[in-house]
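Shown next: query_39.txt, containing compact mmCIF, C-alpha atoms and all ligand atoms.
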```
# COMPACT_ATOMS: atom_id res chain seq x y z
CA ALA D 10 12.19 29.86 7.05
CA THR D 11 9.56 29.66 4.34
CA PRO D 12 7.05 26.92 5.10
CA GLN D 13 7.39 24.02 2.67
CA PRO D 14 4.29 22.59 0.98
CA PRO D 15 3.52 19.06 2.21
CA THR D 16 4.93 16.18 0.19
CA ARG D 17 2.19 14.82 -2.02
CA GLY D 18 0.44 11.63 -1.02
CA ALA D 19 0.96 8.42 -2.98
CA LEU D 20 -1.57 6.84 -5.33
CA ILE D 21 -1.66 3.09 -4.80
CA VAL D 22 -3.96 0.73 -6.69
CA ILE D 23 -5.04 -2.75 -5.68
CA GLU D 24 -6.50 -4.74 -8.57
CA GLY D 25 -7.72 -8.28 -9.11
CA LEU D 26 -10.71 -10.47 -9.81
CA ASP D 27 -13.74 -10.66 -7.55
CA ARG D 28 -12.86 -12.15 -4.14
CA ALA D 29 -9.10 -12.00 -4.76
CA GLY D 30 -8.80 -10.21 -1.40
CA LYS D 31 -8.66 -6.59 -2.59
CA SER D 32 -10.87 -5.08 0.11
CA THR D 33 -9.15 -7.14 2.83
CA GLN D 34 -5.71 -5.93 1.72
CA CYS D 35 -6.82 -2.32 1.21
CA SER D 36 -7.96 -2.06 4.80
CA ARG D 37 -4.79 -3.73 6.11
CA LEU D 38 -2.71 -1.26 4.07
CA GLN D 39 -4.76 1.66 5.28
CA GLN D 40 -3.97 0.67 8.88
CA ARG D 41 -0.24 0.66 8.12
CA ILE D 42 -0.03 3.96 6.22
CA PRO D 43 -0.44 7.13 8.26
CA ASN D 44 -2.72 9.74 6.68
CA SER D 45 -4.24 7.36 4.12
CA ARG D 46 -7.70 6.69 2.79
CA ILE D 47 -9.37 3.95 0.75
CA ILE D 48 -11.29 4.92 -2.38
CA LYS D 49 -13.38 2.17 -3.88
CA PHE D 50 -14.26 2.09 -7.58
CA PRO D 51 -17.02 2.02 -8.52
CA ASP D 52 -18.10 4.53 -5.86
CA ARG D 53 -21.76 3.53 -5.76
CA SER D 54 -22.79 6.47 -3.52
CA THR D 55 -22.85 9.15 -6.25
CA PRO D 56 -25.68 9.62 -8.80
CA ILE D 57 -23.49 8.00 -11.49
CA GLY D 58 -22.53 5.29 -9.01
CA GLN D 59 -26.20 4.52 -8.41
CA LEU D 60 -26.72 3.91 -12.12
CA ILE D 61 -23.73 1.55 -12.03
CA ASN D 62 -25.10 -0.21 -8.97
CA ASN D 63 -28.47 -0.73 -10.69
CA TYR D 64 -26.68 -2.20 -13.68
CA LEU D 65 -24.60 -4.60 -11.57
CA THR D 66 -27.37 -5.73 -9.23
CA SER D 67 -30.47 -5.94 -11.38
CA ALA D 68 -31.39 -7.91 -14.45
CA SER D 69 -33.20 -4.86 -15.86
CA SER D 70 -34.22 -5.11 -19.47
CA PRO D 71 -33.14 -3.62 -21.66
CA PRO D 72 -29.84 -3.27 -19.79
CA LEU D 73 -27.52 -0.36 -20.50
CA THR D 74 -25.45 -1.00 -23.62
CA ASP D 75 -21.81 -2.06 -23.14
CA GLN D 76 -20.68 1.41 -24.27
CA ALA D 77 -23.02 3.25 -21.91
CA ILE D 78 -22.00 1.31 -18.79
CA HIS D 79 -18.33 1.50 -19.76
CA LEU D 80 -18.46 5.29 -19.99
CA LEU D 81 -20.36 5.52 -16.70
CA PHE D 82 -17.60 3.59 -14.90
CA SER D 83 -15.07 6.07 -16.32
CA ALA D 84 -17.29 9.08 -15.52
CA ASN D 85 -17.47 7.78 -11.94
CA ARG D 86 -13.66 8.21 -11.77
CA TRP D 87 -13.71 11.63 -13.42
CA GLU D 88 -16.38 12.90 -11.04
CA LEU D 89 -14.17 12.02 -8.05
CA LEU D 90 -10.97 13.41 -9.61
CA PRO D 91 -11.07 16.88 -7.99
CA SER D 92 -11.35 15.37 -4.50
CA LEU D 93 -8.63 12.80 -5.26
CA LEU D 94 -6.23 15.50 -6.43
CA ALA D 95 -7.02 17.71 -3.45
CA ALA D 96 -6.30 14.85 -1.05
CA LEU D 97 -3.03 13.93 -2.78
CA SER D 98 -1.75 17.51 -2.78
CA ALA D 99 -2.64 17.82 0.90
CA GLY D 100 -0.33 14.86 1.54
CA GLU D 101 -2.93 12.13 1.92
CA THR D 102 -2.12 8.72 0.44
CA LEU D 103 -4.95 7.13 -1.52
CA ILE D 104 -5.43 3.37 -1.70
CA LEU D 105 -7.66 2.56 -4.64
CA ASP D 106 -9.76 -0.62 -4.56
CA ARG D 107 -9.94 -1.11 -8.38
CA TYR D 108 -9.24 1.58 -10.98
CA ILE D 109 -9.08 1.94 -14.78
CA TYR D 110 -7.54 -1.55 -15.12
CA SER D 111 -10.76 -3.21 -13.99
CA GLY D 112 -12.51 -0.78 -16.32
CA ILE D 113 -10.56 -2.03 -19.34
CA SER D 114 -10.52 -5.71 -18.37
CA PHE D 115 -14.21 -6.21 -17.65
CA SER D 116 -15.42 -4.29 -20.70
CA VAL D 117 -12.97 -5.92 -23.14
CA ALA D 118 -13.84 -9.35 -21.68
CA LYS D 119 -17.46 -8.92 -22.79
CA GLY D 120 -16.18 -9.25 -26.36
CA ALA D 121 -17.70 -6.33 -28.26
CA LEU D 122 -15.48 -3.36 -27.38
CA SER D 123 -11.87 -2.89 -28.49
CA TYR D 124 -8.95 -2.41 -26.10
CA GLU D 125 -8.23 1.09 -27.45
CA TYR D 126 -11.86 2.13 -27.11
CA CYS D 127 -11.97 0.89 -23.53
CA ARG D 128 -8.84 2.67 -22.32
CA SER D 129 -9.47 5.99 -24.06
CA PRO D 130 -12.00 7.61 -21.67
CA ASP D 131 -9.54 7.22 -18.77
CA VAL D 132 -6.63 8.93 -20.53
CA GLY D 133 -5.65 11.97 -18.44
CA LEU D 134 -6.50 10.47 -15.05
CA PRO D 135 -3.59 10.27 -12.59
CA LEU D 136 -1.11 7.44 -13.13
CA PRO D 137 -0.70 5.33 -9.96
CA ASP D 138 2.68 5.21 -8.20
CA GLY D 139 2.21 1.47 -7.85
CA ILE D 140 -0.31 -1.08 -9.09
CA ILE D 141 -0.62 -4.34 -7.18
CA PHE D 142 -2.47 -7.17 -8.89
CA LEU D 143 -3.80 -9.88 -6.60
CA ASP D 144 -3.78 -12.98 -8.77
CA LEU D 145 -6.17 -15.82 -7.96
CA PRO D 146 -7.62 -18.54 -10.20
CA PRO D 147 -11.40 -18.10 -10.48
CA ASP D 148 -12.06 -21.62 -9.12
CA VAL D 149 -10.18 -20.73 -5.91
CA ALA D 150 -12.04 -17.42 -5.73
CA ALA D 151 -15.34 -19.29 -6.11
CA GLU D 152 -14.63 -21.19 -2.88
CA ARG D 153 -14.28 -17.95 -0.90
CA ALA D 154 -17.17 -16.40 1.01
CA GLY D 155 -18.97 -13.38 -0.35
CA PHE D 156 -20.41 -14.59 -3.63
CA GLY D 157 -22.91 -11.88 -4.47
CA GLY D 158 -24.43 -12.98 -7.77
CA GLU D 159 -23.82 -9.61 -9.44
CA ARG D 160 -23.80 -9.30 -13.20
CA TYR D 161 -20.10 -10.13 -13.76
CA GLU D 162 -19.76 -12.78 -11.05
CA LYS D 163 -19.92 -15.75 -13.39
CA ARG D 164 -17.22 -18.30 -13.95
CA GLU D 165 -16.83 -17.80 -17.71
CA MET D 166 -16.70 -14.01 -17.39
CA GLN D 167 -14.10 -14.19 -14.58
CA GLU D 168 -11.88 -16.47 -16.73
CA LYS D 169 -12.01 -13.99 -19.60
CA VAL D 170 -11.33 -11.02 -17.33
CA ARG D 171 -8.27 -12.80 -15.95
CA GLU D 172 -6.95 -13.26 -19.52
CA VAL D 173 -7.52 -9.61 -20.44
CA PHE D 174 -5.79 -8.52 -17.24
CA LYS D 175 -2.62 -10.20 -18.54
CA THR D 176 -2.70 -7.95 -21.60
CA VAL D 177 -3.45 -4.95 -19.42
CA ARG D 178 -0.37 -5.65 -17.27
CA GLU D 179 1.79 -5.84 -20.41
CA ARG D 180 0.39 -2.74 -22.03
CA GLU D 181 -0.39 -0.27 -19.29
CA GLN D 182 2.42 1.93 -18.00
CA GLY D 183 3.15 2.02 -14.27
CA GLU D 184 4.98 -0.13 -11.75
CA TRP D 185 3.10 -3.44 -11.63
CA THR D 186 3.51 -6.10 -8.96
CA VAL D 187 1.71 -9.43 -9.26
CA VAL D 188 1.03 -11.11 -5.92
CA ASP D 189 -0.13 -14.71 -5.57
CA ALA D 190 -3.38 -14.12 -3.72
CA SER D 191 -3.89 -17.77 -2.76
CA ALA D 192 -1.40 -17.40 0.12
CA SER D 193 -2.59 -16.58 3.65
CA VAL D 194 -3.93 -13.10 4.35
CA GLU D 195 -0.75 -12.29 6.33
CA GLU D 196 1.61 -13.50 3.58
CA VAL D 197 -0.28 -11.55 0.94
CA THR D 198 -0.08 -8.46 3.15
CA GLU D 199 3.71 -8.77 3.43
CA ARG D 200 4.09 -8.92 -0.36
CA VAL D 201 1.63 -6.09 -0.87
CA TRP D 202 3.54 -4.08 1.71
CA ALA D 203 6.89 -4.58 -0.04
CA ALA D 204 5.42 -3.19 -3.26
CA THR D 205 3.71 -0.38 -1.37
CA GLU D 206 6.94 0.77 0.28
CA LYS D 207 8.45 1.16 -3.19
CA ALA D 208 5.44 3.16 -4.35
CA LEU D 209 5.59 5.42 -1.28
CA ARG D 210 9.28 6.08 -1.95
CA TRP D 211 8.59 6.78 -5.63
CA ALA D 212 5.84 9.25 -4.71
CA ARG D 213 8.17 11.17 -2.39
CA GLU D 214 10.65 11.71 -5.20
CA ASN D 215 8.49 12.10 -8.30
CA GLU D 216 5.67 14.31 -9.48
CA LEU D 217 2.28 12.77 -10.11
CA ARG D 218 1.89 11.89 -13.79
CA GLU D 219 -1.13 11.39 -16.02
CA ILE D 220 -2.19 8.28 -17.88
CA GLU D 221 -1.16 8.79 -21.51
P1 LIG H 301 -12.40 -8.66 -2.98
O1 LIG H 301 -12.51 -7.30 -2.35
O2 LIG H 301 -11.23 -8.79 -3.90
O3 LIG H 301 -13.66 -9.11 -3.64
P2 LIG H 301 -12.34 -9.63 -0.23
O4 LIG H 301 -11.21 -8.94 0.44
O5 LIG H 301 -13.71 -9.12 0.03
O6 LIG H 301 -12.09 -9.71 -1.82
O7 LIG H 301 -12.23 -11.17 0.14
C1 LIG H 301 -13.21 -12.12 -0.32
C2 LIG H 301 -13.37 -13.23 0.74
O8 LIG H 301 -12.17 -13.98 0.83
C3 LIG H 301 -13.64 -12.69 2.14
O9 LIG H 301 -14.51 -13.60 2.79
C4 LIG H 301 -12.27 -12.68 2.78
O10 LIG H 301 -12.33 -12.81 4.18
C5 LIG H 301 -11.61 -13.89 2.14
N1 LIG H 301 -10.16 -13.74 1.97
C6 LIG H 301 -9.47 -12.61 1.70
N2 LIG H 301 -8.15 -12.85 1.57
C7 LIG H 301 -7.99 -14.19 1.76
C8 LIG H 301 -6.85 -15.08 1.76
N3 LIG H 301 -5.60 -14.64 1.54
N4 LIG H 301 -7.09 -16.39 2.00
C9 LIG H 301 -8.33 -16.85 2.22
N5 LIG H 301 -9.44 -16.08 2.25
C10 LIG H 301 -9.28 -14.76 2.01
P1 LIG H 302 -16.94 -4.41 -6.90
O1 LIG H 302 -17.52 -5.78 -6.70
O2 LIG H 302 -15.50 -4.30 -6.50
O3 LIG H 302 -17.80 -3.31 -6.32
O4 LIG H 302 -16.91 -4.16 -8.48
N1 LIG H 302 -15.94 -2.86 -12.91
C1 LIG H 302 -15.32 -2.05 -12.03
C2 LIG H 302 -16.03 -2.53 -14.27
O5 LIG H 302 -16.62 -3.26 -15.06
N2 LIG H 302 -15.48 -1.36 -14.69
C3 LIG H 302 -14.82 -0.51 -13.83
O6 LIG H 302 -14.33 0.55 -14.26
C4 LIG H 302 -14.74 -0.88 -12.43
C5 LIG H 302 -14.04 0.04 -11.47
C6 LIG H 302 -15.75 -5.04 -11.66
C7 LIG H 302 -18.08 -4.19 -9.21
C8 LIG H 302 -17.87 -4.76 -10.58
O7 LIG H 302 -17.61 -3.70 -11.52
C9 LIG H 302 -16.60 -4.09 -12.43
C10 LIG H 302 -16.73 -5.73 -10.73
MG MG H 303 -14.08 -5.94 -2.52
```
Kindly transcribe the structure held in the file into structure tokens.
Ligand code: ADP
Ligand code: 2DT
Ligand code: MG
Amino acid sequence: ATPQPPTRGALIVIEGLDRAGKSTQCSRLQQRIPNSRIIKFPDRSTPIGQLINNYLTSASSPPLTDQAIHLLFSANRWELLPSLLAALSAGETLILDRYIYSGISFSVAKGALSYEYCRSPDVGLPLPDGIIFLDLPPDVAAERAGFGGERYEKREMQEKVREVFKTVREREQGEWTVVDASASVEEVTERVWAATEKALRWARENELREIE
């Protein structure tokens, strides 16, 4: 018999505000899904990622303009695209810790850039098979460990980002699941898993699409 190409891997995105539990849930998912890998955006290890890291961690003046940093976040996704596509076609499932939805939400929340402007550089990237939004009020997030003091980790900014995320969930195509992230780690994992199983099934039966 002719050997069949492997089924493609699934593209699963975990989104949410800072300290919503994204990294915790990504690693728990990764343990449950055979042949899977976590990709974290921004990927600070690349040359573009280092520019992003400098922007987030230092109060350099003058800082990069809102446009410049926005485009760098998107470029950071485009530079990884060939390796993402290669992994997916080889059958590996990718669990993304943030994606274009953080890109739109954080930049729009700053107030100066339009929604259309912010989404346009990501058009053409692969559309996730499932997008799971971990929803947590910023005051609950503030009580969790891990406050880093990076550029966007301020109460007012987080409130605005949460608002923009609502618009993003209404406007952006894809299968969205909102999970109440204030539940216990185990409960959140069960809800994330239910959504993930759907995404894995979808990916077995459908071609990968692009963000339009
Ligand atoms: P993110 O990646 O979204 O910033 P993390 O997964 O790093 O969030 O979690 C932030 C902090 O909150 C960590 O100290 C983590 O152990 C804790 N945490 C994660 N999920 C929960 C939860 N469901 N309930 C309470 N604390 C949590
Ligand atoms: P972490 O704390 O998860 O490393 O995120 N961000 C992220 C953007 O503004 N645009 C993007 O495209 C992405 C992926 C969210 C670092 C910060 O970068 C923000 C928080
Ligand atoms: Mg994290």
Counting all atoms listed in the file, what is within 7 Å of stretch 117-123 of chain D, bar same-chain residues fewer than 5 positions away, as number ranges by chain?
D: 166, 169-170, 173
Give one line per residue of chain D that approaches ligand LIG 301 (chain H) to at most 7 Å, naming the two atoms of the closest pair and their distance in Å to one decimal, counting all atoms listed in the file; sort by chain then ascending residue number and deliver it as a tab-separated table.
```
residue	atom	partner	partner_atom	distance
D:Gly25	CA	H:LIG301	O2	6.3
D:Leu26	CA	H:LIG301	O2	6.2
D:Asp27	CA	H:LIG301	O3	4.2
D:Arg28	CA	H:LIG301	O3	3.2
D:Ala29	CA	H:LIG301	O2	3.9
D:Gly30	CA	H:LIG301	O4	3.3
D:Lys31	CA	H:LIG301	O2	3.6
D:Ser32	CA	H:LIG301	O1	3.7
D:Thr33	CA	H:LIG301	O4	3.6
D:Gln34	CA	H:LIG301	O4	6.4
D:Arg153	CA	H:LIG301	O8	4.8
D:Ala154	CA	H:LIG301	O9	4.3
D:Gly155	CA	H:LIG301	O9	5.5
D:Ala190	CA	H:LIG301	N3	5.7
D:Ser191	CA	H:LIG301	N3	5.6
D:Ala192	CA	H:LIG301	N3	5.2
D:Ser193	CA	H:LIG301	N3	4.2
D:Val194	CA	H:LIG301	N3	3.6
D:Val197	CA	H:LIG301	N3	6.2
```
Excluding same-chain residues fewer than 3 positions from D:Ser129, what lies within 10 Å of it counting all atoms listed in the file, as number ranges by chain?
D: 80, 83, 113, 124-126, 132-133, 220-221
Dump of C-alpha atoms for the selected residues, as a tab-separated table (two decimals), keeping the file's coordinate frame:
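Saved the output as part09.tsv:
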```
chain	number	residue	atom	x	y	z
D	80	LEU	CA	-18.46	5.29	-19.99
D	83	SER	CA	-15.07	6.07	-16.32
D	113	ILE	CA	-10.56	-2.03	-19.34
D	124	TYR	CA	-8.95	-2.41	-26.10
D	125	GLU	CA	-8.23	1.09	-27.45
D	126	TYR	CA	-11.86	2.13	-27.11
D	132	VAL	CA	-6.63	8.93	-20.53
D	133	GLY	CA	-5.65	11.97	-18.44
D	220	ILE	CA	-2.19	8.28	-17.88
D	221	GLU	CA	-1.16	8.79	-21.51
```
What do you get as an NGL selection string if you pick all residues at most 7 Å from ligand LIG 302 (chain H), counting only C-alpha atoms and all ligand atoms?
:D and (27 or 50-51 or 65 or 79 or 82-83 or 107-109 or 111-113 or 115-116 or 161)
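Closest approach to ligand MG 303 (chain H) among D:Ala10, D:Leu143, D:Trp211, D:Asp75: D:Leu143, based on only C-alpha atoms and all ligand atoms.
Distance annotation: of D:Asn85, D:Ser54, D:Thr205, D:Asn63, the residue with the minimal separation from D:Phe142 is D:Thr205; atom set is only C-alpha atoms.
With distances restricted to only C-alpha atoms, D:Leu136 is the closest residue to D:Glu216 from D:Ile104, D:Cys127, D:Ala84, D:Leu136.
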Counting only C-alpha atoms and all ligand atoms, figure out which residue out of D:Ile21, D:Leu105, D:Ala96, D:Leu89 gets nearest to ligand MG 303 (chain H).
D:Leu105
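Using only C-alpha atoms, the shortest contact distance between D:Ser114 and any of D:Glu206, D:Glu24, D:Asp189, D:Glu219 is found at D:Glu24.
Going from atom CA of D:Arg17 over to atom CA of D:Glu184, you cover 18.1 Å.
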Which of these, D:Asp106, D:Ser69, D:Trp185, D:Glu101, has the shortest distance to ligand MG 303 (chain H) once you count only C-alpha atoms and all ligand atoms?
D:Asp106
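For the pair atom CA of D:Leu73 and atom CA of D:Glu168, the separation is 22.8 Å.
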